[in-house]
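Remarks on the structure that follows.
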Amino acid sequence: MSIPFDQQQPAAGVAARYFFDPEELRAAAEGAFETFMPVTLHMVDSDEGARHFINAGFKEPTNLQQHNTRESGLSNLPSPTAPHSEDTAATGPALHDLPAPTGDVNGLPSGMPPIRVNGTGSIAARVVEIFEEKVVDEVNNKVWHPLHLWDEDVRARYGYTDSANLTTRLNAYYAAKCGEIDSDALVRMTFTELKKEGRKYYTEKYGVRGGPGYFKACNDLLFR
């Protein structure tokens, strides 16, 4: 079942279990958690229902907290706390402010990191950063070489296997740099819109099965 979280109530005496789709969460993160990209929380009240979601690849939250504000009000809700200044100083520059590695590529993640959430810039600007400057990996707390250096040989050498999400980044970059979309529109576009427009403009230029492929086409845009 999939209903609004604040209306989810299990039957009396039944322990509810909740599941979410990790791919849906990843897509929301890549869209910087825009309000029209929700993550659905599914509640089940039987072992059979739980097995269905587990077999489908869904995950359970590891720390799910519910608060009955109708009875306790808002005073007991947790609130975020800002880090102490000495803690901030001790950690050094923020991850998204670190430069890209220098020299040849000497390693890659096995999968594509989500588009960074922290820092500034539109989704289009972050996509351009990924391809041209650096890949900020907030999951593994690491900065990788920019995507334009991740050619087929490098990907094979370091065991990169996430071709689907590589392609989505290339689709979005092509949209941002092909010159068909004005800058005012670009800054408002979601990642999903960029991917769609990138595929459209690439196909218009090269045909469905033609052209050099997205990786070379994007490098051609970068170094034209």
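Following the order of the structure tokens, chains are lettered A, B, ..., residues in each are numbered from 1, and ligands are numbered from 1.
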
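Residues in contact range of range 168-183 of chain A, defined as at most 8 Å between only C-alpha atoms, with sequence neighbours fewer than 6 positions away removed, read Ala124, Val127, Val128, Phe131, Phe191, Leu194, Lys195, Lys196, Glu197, Gly198, Arg199, Tyr201, Tyr202, Tyr214, Phe215, Ala217, Cys218, Leu221 and Leu222 of chain A.
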
Dump as a CSV table (one decimal), in the first residue's frame, selection limited to N, CA and C atoms:
chain,number,residue,atom,x,y,z
A,124,ALA,N,21.9,22.3,-13.8
A,124,ALA,CA,22.7,22.3,-15.0
A,124,ALA,C,24.2,22.7,-14.7
A,127,VAL,N,25.9,19.6,-13.3
A,127,VAL,CA,26.2,18.7,-14.3
A,127,VAL,C,27.4,19.1,-15.1
A,128,VAL,N,27.5,20.3,-15.4
A,128,VAL,CA,28.7,20.8,-16.1
A,128,VAL,C,30.0,20.6,-15.3
A,131,PHE,N,31.2,17.0,-15.5
A,131,PHE,CA,31.9,16.6,-16.7
A,131,PHE,C,33.2,17.3,-16.9
A,191,PHE,N,17.0,17.8,-13.4
A,191,PHE,CA,17.9,16.8,-14.0
A,191,PHE,C,17.1,15.9,-15.0
A,194,LEU,N,16.8,17.9,-18.2
A,194,LEU,CA,18.0,18.0,-18.9
A,194,LEU,C,18.3,16.7,-19.7
A,195,LYS,N,18.1,15.6,-19.0
A,195,LYS,CA,18.3,14.3,-19.7
A,195,LYS,C,17.5,14.2,-20.9
A,196,LYS,N,16.2,14.5,-20.8
A,196,LYS,CA,15.2,14.4,-21.9
A,196,LYS,C,15.6,15.3,-23.1
A,197,GLU,N,16.0,16.5,-22.7
A,197,GLU,CA,16.4,17.5,-23.8
A,197,GLU,C,17.7,17.1,-24.4
A,198,GLY,N,18.6,16.6,-23.7
A,198,GLY,CA,19.9,16.1,-24.2
A,198,GLY,C,19.7,15.0,-25.2
A,199,ARG,N,18.8,14.0,-24.9
A,199,ARG,CA,18.6,13.0,-25.8
A,199,ARG,C,17.9,13.5,-27.1
A,201,TYR,N,18.0,16.6,-28.5
A,201,TYR,CA,18.9,17.4,-29.4
A,201,TYR,C,20.0,16.5,-30.0
A,202,TYR,N,20.5,15.5,-29.3
A,202,TYR,CA,21.5,14.6,-29.9
A,202,TYR,C,20.8,13.8,-31.0
A,214,TYR,N,27.5,9.4,-27.0
A,214,TYR,CA,27.4,10.6,-26.1
A,214,TYR,C,28.7,11.0,-25.5
A,215,PHE,N,29.6,10.1,-25.2
A,215,PHE,CA,30.9,10.4,-24.5
A,215,PHE,C,31.7,11.3,-25.5
A,217,ALA,N,30.6,12.9,-28.2
A,217,ALA,CA,29.9,14.1,-28.5
A,217,ALA,C,30.0,15.2,-27.4
A,218,CYS,N,30.0,14.7,-26.2
A,218,CYS,CA,30.2,15.7,-25.1
A,218,CYS,C,31.6,16.2,-25.0
A,221,LEU,N,31.9,18.9,-27.5
A,221,LEU,CA,31.4,20.2,-27.0
A,221,LEU,C,32.3,20.9,-26.1
A,222,LEU,N,33.0,20.1,-25.3
A,222,LEU,CA,33.9,20.7,-24.3
A,222,LEU,C,35.1,21.3,-25.0

Quick one: residues within 8 Å of Asn141 in chain A, only C-alpha atoms, excluding same-chain residues fewer than 4 positions away - as a PDB file with C-alpha atoms, in the first residue's frame?
ATOM      1  CA  LEU A  95      33.994  18.632   0.196  1.00  0.00           C
ATOM      2  CA  VAL A 136      31.991  15.343  -5.927  1.00  0.00           C
ATOM      3  CA  ASP A 137      31.094  12.071  -4.192  1.00  0.00           C
TER       4      ASP A 137
END

**Study point:** Selection: 9 Å around Pro61 in chain A, only C-alpha atoms, excl. self and same-chain fewer than 4 positions, as a PyMOL selection string
**Key:** chain A and resi 18-20

Let's have the selection written as a PDB file, in the first residue's frame, with N, CA and C atoms.
ATOM      1  N   TYR A  18       7.966  -0.483   6.929  1.00  0.00           N
ATOM      2  CA  TYR A  18       7.972   0.541   5.900  1.00  0.00           C
ATOM      3  C   TYR A  18       9.106   0.275   4.909  1.00  0.00           C
ATOM      4  N   PHE A  19       8.847   0.572   3.643  1.00  0.00           N
ATOM      5  CA  PHE A  19       9.827   0.336   2.590  1.00  0.00           C
ATOM      6  C   PHE A  19       9.869   1.531   1.637  1.00  0.00           C
ATOM      7  N   PHE A  20      11.069   1.783   1.078  1.00  0.00           N
ATOM      8  CA  PHE A  20      11.211   2.817   0.056  1.00  0.00           C
ATOM      9  C   PHE A  20      12.041   2.255  -1.083  1.00  0.00           C
TER      10      PHE A  20
END

Check your understanding: Which of these, A:Thr190, A:Thr161, A:Asn55, A:Asn140, has the shortest distance to Gly111 in chain A once you count only C-alpha atoms?
Key ->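 Ranking A:Thr190, A:Thr161, A:Asn55, A:Asn140 by distance to Gly111 in chain A, first place goes to A:Thr161.
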
Exercise for review: From range 102-212 of chain A, collect each residue whose DSSP state is helix (DSSP H, G or I) and return the set as a PyMOL selection string.
Suggested key: chain A and resi 123-132+147-149+152-157+163-177+183-186+191-206

Point to revise | Nearest-residue call for Ala125 in chain A, choices A:Leu25, A:Leu186, A:Ala16, A:Val105, using only C-alpha atoms | key: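 Selected residue with least distance to Ala125 in chain A: A:Leu186.
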
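For range 52-213 of chain A, a DSSP pass over the backbone yields strand (DSSP E or B) at Lys59, Val135, Val136, Asp137, Lys142, Val143 and Trp144 of chain A.
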
Point to revise | All residues 10 Å or closer to Pro109 in chain A, only C-alpha atoms, same chain fewer than 3 positions away omitted, as number ranges by chain | key: A: 112-113, 137, 140, 142, 144, 155, 158-162

Now that the selection is made, can you save its residues with N, CA and C atoms as an mmCIF file, in the first residue's frame?
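After the write, part.cif holds the following:
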data_model
loop_
_atom_site.group_PDB
_atom_site.id
_atom_site.type_symbol
_atom_site.label_atom_id
_atom_site.label_comp_id
_atom_site.auth_asym_id
_atom_site.auth_seq_id
_atom_site.Cartn_x
_atom_site.Cartn_y
_atom_site.Cartn_z
ATOM 1 N N MET A 112 28.078 5.476 -10.280
ATOM 2 C CA MET A 112 28.063 6.933 -10.382
ATOM 3 C C MET A 112 27.553 7.566 -9.087
ATOM 4 N N PRO A 113 28.324 8.464 -8.473
ATOM 5 C CA PRO A 113 27.826 9.156 -7.275
ATOM 6 C C PRO A 113 26.627 10.035 -7.617
ATOM 7 N N ASP A 137 31.750 13.287 -4.681
ATOM 8 C CA ASP A 137 31.094 12.071 -4.192
ATOM 9 C C ASP A 137 30.793 12.237 -2.708
ATOM 10 N N ASN A 140 30.867 8.784 -0.536
ATOM 11 C CA ASN A 140 32.167 8.262 -0.112
ATOM 12 C C ASN A 140 33.129 9.348 0.362
ATOM 13 N N LYS A 142 34.605 11.920 -1.186
ATOM 14 C CA LYS A 142 35.772 11.911 -2.061
ATOM 15 C C LYS A 142 35.491 12.747 -3.303
ATOM 16 N N TRP A 144 36.514 12.941 -7.343
ATOM 17 C CA TRP A 144 37.108 12.180 -8.435
ATOM 18 C C TRP A 144 37.445 13.096 -9.610
ATOM 19 N N ARG A 155 37.420 3.306 -17.592
ATOM 20 C CA ARG A 155 36.312 2.649 -16.904
ATOM 21 C C ARG A 155 36.561 1.155 -16.750
ATOM 22 N N TYR A 158 39.408 0.373 -14.038
ATOM 23 C CA TYR A 158 39.094 0.541 -12.618
ATOM 24 C C TYR A 158 37.738 -0.034 -12.231
ATOM 25 N N GLY A 159 37.140 -0.837 -13.094
ATOM 26 C CA GLY A 159 35.951 -1.581 -12.730
ATOM 27 C C GLY A 159 34.680 -0.765 -12.594
ATOM 28 N N TYR A 160 34.608 0.334 -13.348
ATOM 29 C CA TYR A 160 33.372 1.118 -13.311
ATOM 30 C C TYR A 160 32.313 0.391 -14.129
ATOM 31 N N THR A 161 31.135 0.144 -13.556
ATOM 32 C CA THR A 161 30.122 -0.670 -14.227
ATOM 33 C C THR A 161 28.765 0.015 -14.393
ATOM 34 N N ASP A 162 28.618 1.223 -13.902
ATOM 35 C CA ASP A 162 27.307 1.887 -13.894
ATOM 36 C C ASP A 162 27.102 2.677 -15.185
#
